[in-house]
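Participant: Structure in C-alpha cells, see below.
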Amino acid sequence: MRVADTGEGLLTTGEAAALLGVSRQHVVDLCTEGQLPHSWAGKHRRLRQRDVETLAEGNRRMTRDQVRSMLLAHAVAGHVATDPDGTRAIARANLQRMFEATPRGGARVWLQEWARLLDGPLLDLLATLTSPTLRSRELRQNSPFAGVLTEAERLTALATADAARTR
C-alpha cells in the first residue's frame with residue numbers, strides 16, 4: 001500500500017517502532033505484508049503518523065490468548081517479586097535450553113531480550129511481564145518462565161482469564 005505524501009507527520013520505521021513498542025523489523029514486516037501503508041523517500045520507508053497511531057489503538061485490544069498470557073505473567077511476576085533469585089534462575093535455565101533449540105530467526109531476538117531483562121533491573125522485568133504493550137505481548141510468546149507456577153496457580157490464572165472474558 002502506498003500513501004500520498006501530504007506533508008503531514010511522516011515517521012521513519014524506527015520512530016513507528018518506538019511508538020508501537022515493537023522492533024523496527026516488525027514495522028518493516030507490517031509494511032511488506034500490506035498491513036501498514038507507507039511511502040518511499042529514496043530507499044527508506046515513511047509512514048503517516050495517524051496510520052501508526054490507528055494501528056497502535058487496534059493493538060491495545062488483546063486477544064483471548066494474549067489476556068491469558070498476561071494473567072499467567074502476572075502470576076509469574078508474583079514469584080519474581082517474592083523470590084527474584086530463584087525465579088530468575090529457573091528462567092535462565094529455560095532460556096539456555098530455548099537458545100539451544102532456536103539457532104536463529106525472529107524468536108531468537110525475543111530470547112535475547114529476555115536475557116537482557118533477566119540480567120537487568122528487577123522493576124524492568126516486572127514491568128515487562130505485566131505490561132499490555134505489543135512488545136510485552138510478543139515477548140510473552142517466548143517466555144522462559146515455564147515451571148515457575150504450580151499447576152494450581154496456573155489453573156487459577158487461566159480460570160481468572162476465562163472469567164474476565166465473560167464479564
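Simple scheme: letters A, B, ... for chains in C-alpha cells order, numbers from 1 for residues in each chain, numbers from 1 for ligands in the order shown.
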Pick out the residues sitting within 12 Å of Ala161 (chain A), and hand them over as a ChimeraX atom specification; count only C-alpha atoms, and ignore anything fewer than 3 positions along from it in its own chain.
Facilitator: /A:62-75,154-158,164-167
Participant: Go ahead and write the selection's residues with C-alpha atoms as a JSON list (two decimals), in the first residue's frame.
Facilitator:
```json
[["chain", "number", "residue", "atom", "x", "y", "z"],
["A", 62, "MET", "CA", -5.88, -8.08, 23.35],
["A", 63, "THR", "CA", -6.91, -11.46, 22.03],
["A", 64, "ARG", "CA", -8.15, -14.17, 24.38],
["A", 65, "ASP", "CA", -4.74, -15.85, 24.27],
["A", 66, "GLN", "CA", -2.97, -12.57, 25.00],
["A", 67, "VAL", "CA", -5.19, -11.98, 28.03],
["A", 68, "ARG", "CA", -4.46, -15.49, 29.29],
["A", 69, "SER", "CA", -0.74, -14.99, 28.68],
["A", 70, "MET", "CA", -0.75, -11.68, 30.54],
["A", 71, "LEU", "CA", -2.59, -13.10, 33.57],
["A", 72, "LEU", "CA", -0.16, -16.01, 33.70],
["A", 73, "ALA", "CA", 2.66, -13.46, 33.56],
["A", 74, "HIS", "CA", 1.10, -11.56, 36.47],
["A", 75, "ALA", "CA", 1.17, -14.77, 38.50],
["A", 154, "ARG", "CA", -1.53, -21.89, 36.53],
["A", 155, "LEU", "CA", -5.11, -23.19, 36.51],
["A", 156, "THR", "CA", -6.26, -20.35, 38.79],
["A", 157, "ALA", "CA", -4.74, -17.72, 36.47],
["A", 158, "LEU", "CA", -6.36, -19.35, 33.43],
["A", 164, "ALA", "CA", -12.68, -11.87, 32.85],
["A", 165, "ARG", "CA", -13.61, -12.59, 29.26],
["A", 166, "THR", "CA", -17.22, -13.38, 30.15],
["A", 167, "ARG", "CA", -17.74, -10.13, 32.13]]
```
Participant: As a PyMOL selection string, which residues of chain A does DSSP assign to strand (DSSP E)?
Facilitator: chain A and resi 10-11+39-41+44-48
Participant: With distances taken over only C-alpha atoms, which of A:Leu11, A:Leu117, A:Leu123, A:Ala41 is nearest to Ser143 (chain A)?
Facilitator: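 Closest to Ser143 (chain A), using only C-alpha atoms: A:Leu117.
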Participant: Pull the helix (DSSP H, G or I) assignments for region 22-149 of chain A out of DSSP run on the backbone, and list those residues as a ChimeraX atom specification.
Facilitator: /A:24-32,49-59,64-82,84-101,106-119,122-130,134-140
Participant: Let me make sure I understand: among A:Arg50, A:His79, A:His44, A:Arg61, which one has the smallest atom-to-atom distance to Thr150 (chain A) if we use only C-alpha atoms?
Facilitator: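 Between A:Arg50, A:His79, A:His44, A:Arg61, the residue approaching Thr150 (chain A) most closely is A:His79.
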Participant: Using only C-alpha atoms, which residues sit within 12 Å of Leu139 (chain A) once same-chain residues fewer than 4 positions away are excluded, as an MDAnalysis selection string?
Facilitator: chainID A and resid 21:23 66 69:70 73 106:115 117 125 128:135 143:145
Participant: Filtering to C-alpha atoms, could you give me those residues as an mmCIF file, in the first residue's frame?
Facilitator:
```cif
data_model
loop_
_atom_site.group_PDB
_atom_site.id
_atom_site.type_symbol
_atom_site.label_atom_id
_atom_site.label_comp_id
_atom_site.auth_asym_id
_atom_site.auth_seq_id
_atom_site.Cartn_x
_atom_site.Cartn_y
_atom_site.Cartn_z
ATOM 1 C CA GLY A 21 6.626 -0.637 21.220
ATOM 2 C CA VAL A 22 7.891 -3.202 18.701
ATOM 3 C CA SER A 23 11.080 -3.810 16.759
ATOM 4 C CA GLN A 66 -2.971 -12.568 24.995
ATOM 5 C CA SER A 69 -0.741 -14.995 28.683
ATOM 6 C CA MET A 70 -0.749 -11.682 30.541
ATOM 7 C CA ALA A 73 2.661 -13.462 33.562
ATOM 8 C CA GLY A 106 12.730 -13.947 14.972
ATOM 9 C CA ALA A 107 12.230 -15.839 18.219
ATOM 10 C CA ARG A 108 15.940 -15.530 18.968
ATOM 11 C CA VAL A 109 15.569 -11.728 19.127
ATOM 12 C CA TRP A 110 12.947 -12.114 21.850
ATOM 13 C CA LEU A 111 15.122 -14.627 23.708
ATOM 14 C CA GLN A 112 17.989 -12.117 23.664
ATOM 15 C CA GLU A 113 15.622 -9.507 25.071
ATOM 16 C CA TRP A 114 14.610 -11.900 27.879
ATOM 17 C CA ALA A 115 18.298 -12.473 28.651
ATOM 18 C CA LEU A 117 15.731 -8.349 31.165
ATOM 19 C CA LEU A 125 11.469 -7.299 34.355
ATOM 20 C CA THR A 128 7.609 -6.155 31.030
ATOM 21 C CA LEU A 129 5.889 -9.212 32.478
ATOM 22 C CA THR A 130 2.740 -7.259 33.361
ATOM 23 C CA SER A 131 2.543 -4.703 30.555
ATOM 24 C CA PRO A 132 -0.227 -4.796 27.913
ATOM 25 C CA THR A 133 2.080 -3.279 25.240
ATOM 26 C CA LEU A 134 2.571 -5.068 21.941
ATOM 27 C CA ARG A 135 6.267 -5.526 22.775
ATOM 28 C CA SER A 143 8.508 -16.749 27.851
ATOM 29 C CA PRO A 144 11.303 -18.529 29.722
ATOM 30 C CA PHE A 145 9.211 -18.887 32.899
#
```
Participant: Could you give me, as a tab-separated table (two decimals) with N, CA and C atoms, in the first residue's frame, the residues within 6 Å of Leu10 (chain A), counting only C-alpha atoms and dropping anything in the same chain fewer than 2 positions from it?
Facilitator:
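Here's the written file part.tsv:
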```tsv
chain	number	residue	atom	x	y	z
A	46	ARG	N	8.52	5.62	4.72
A	46	ARG	CA	7.95	6.66	5.58
A	46	ARG	C	6.50	6.30	5.81
A	47	LEU	N	6.05	6.47	7.05
A	47	LEU	CA	4.70	6.10	7.43
A	47	LEU	C	3.98	7.31	8.00
A	48	ARG	N	2.70	7.42	7.68
A	48	ARG	CA	1.92	8.52	8.26
A	48	ARG	C	1.72	8.25	9.74
A	49	GLN	N	1.92	9.27	10.53
A	49	GLN	CA	1.78	9.12	11.97
A	49	GLN	C	0.37	8.66	12.33
```
Participant: Hey, what's within 12 Å of Gly86 (chain A) if we count only C-alpha atoms and toss same-chain stuff fewer than 5 positions away? As a list in words, please?
Facilitator: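 Listed by chain and then number, they are Val76, His79, Val80, Ala81, Ala91, Arg92, Ala93, Leu118, Phe145, Gly147 and Val148 of chain A.
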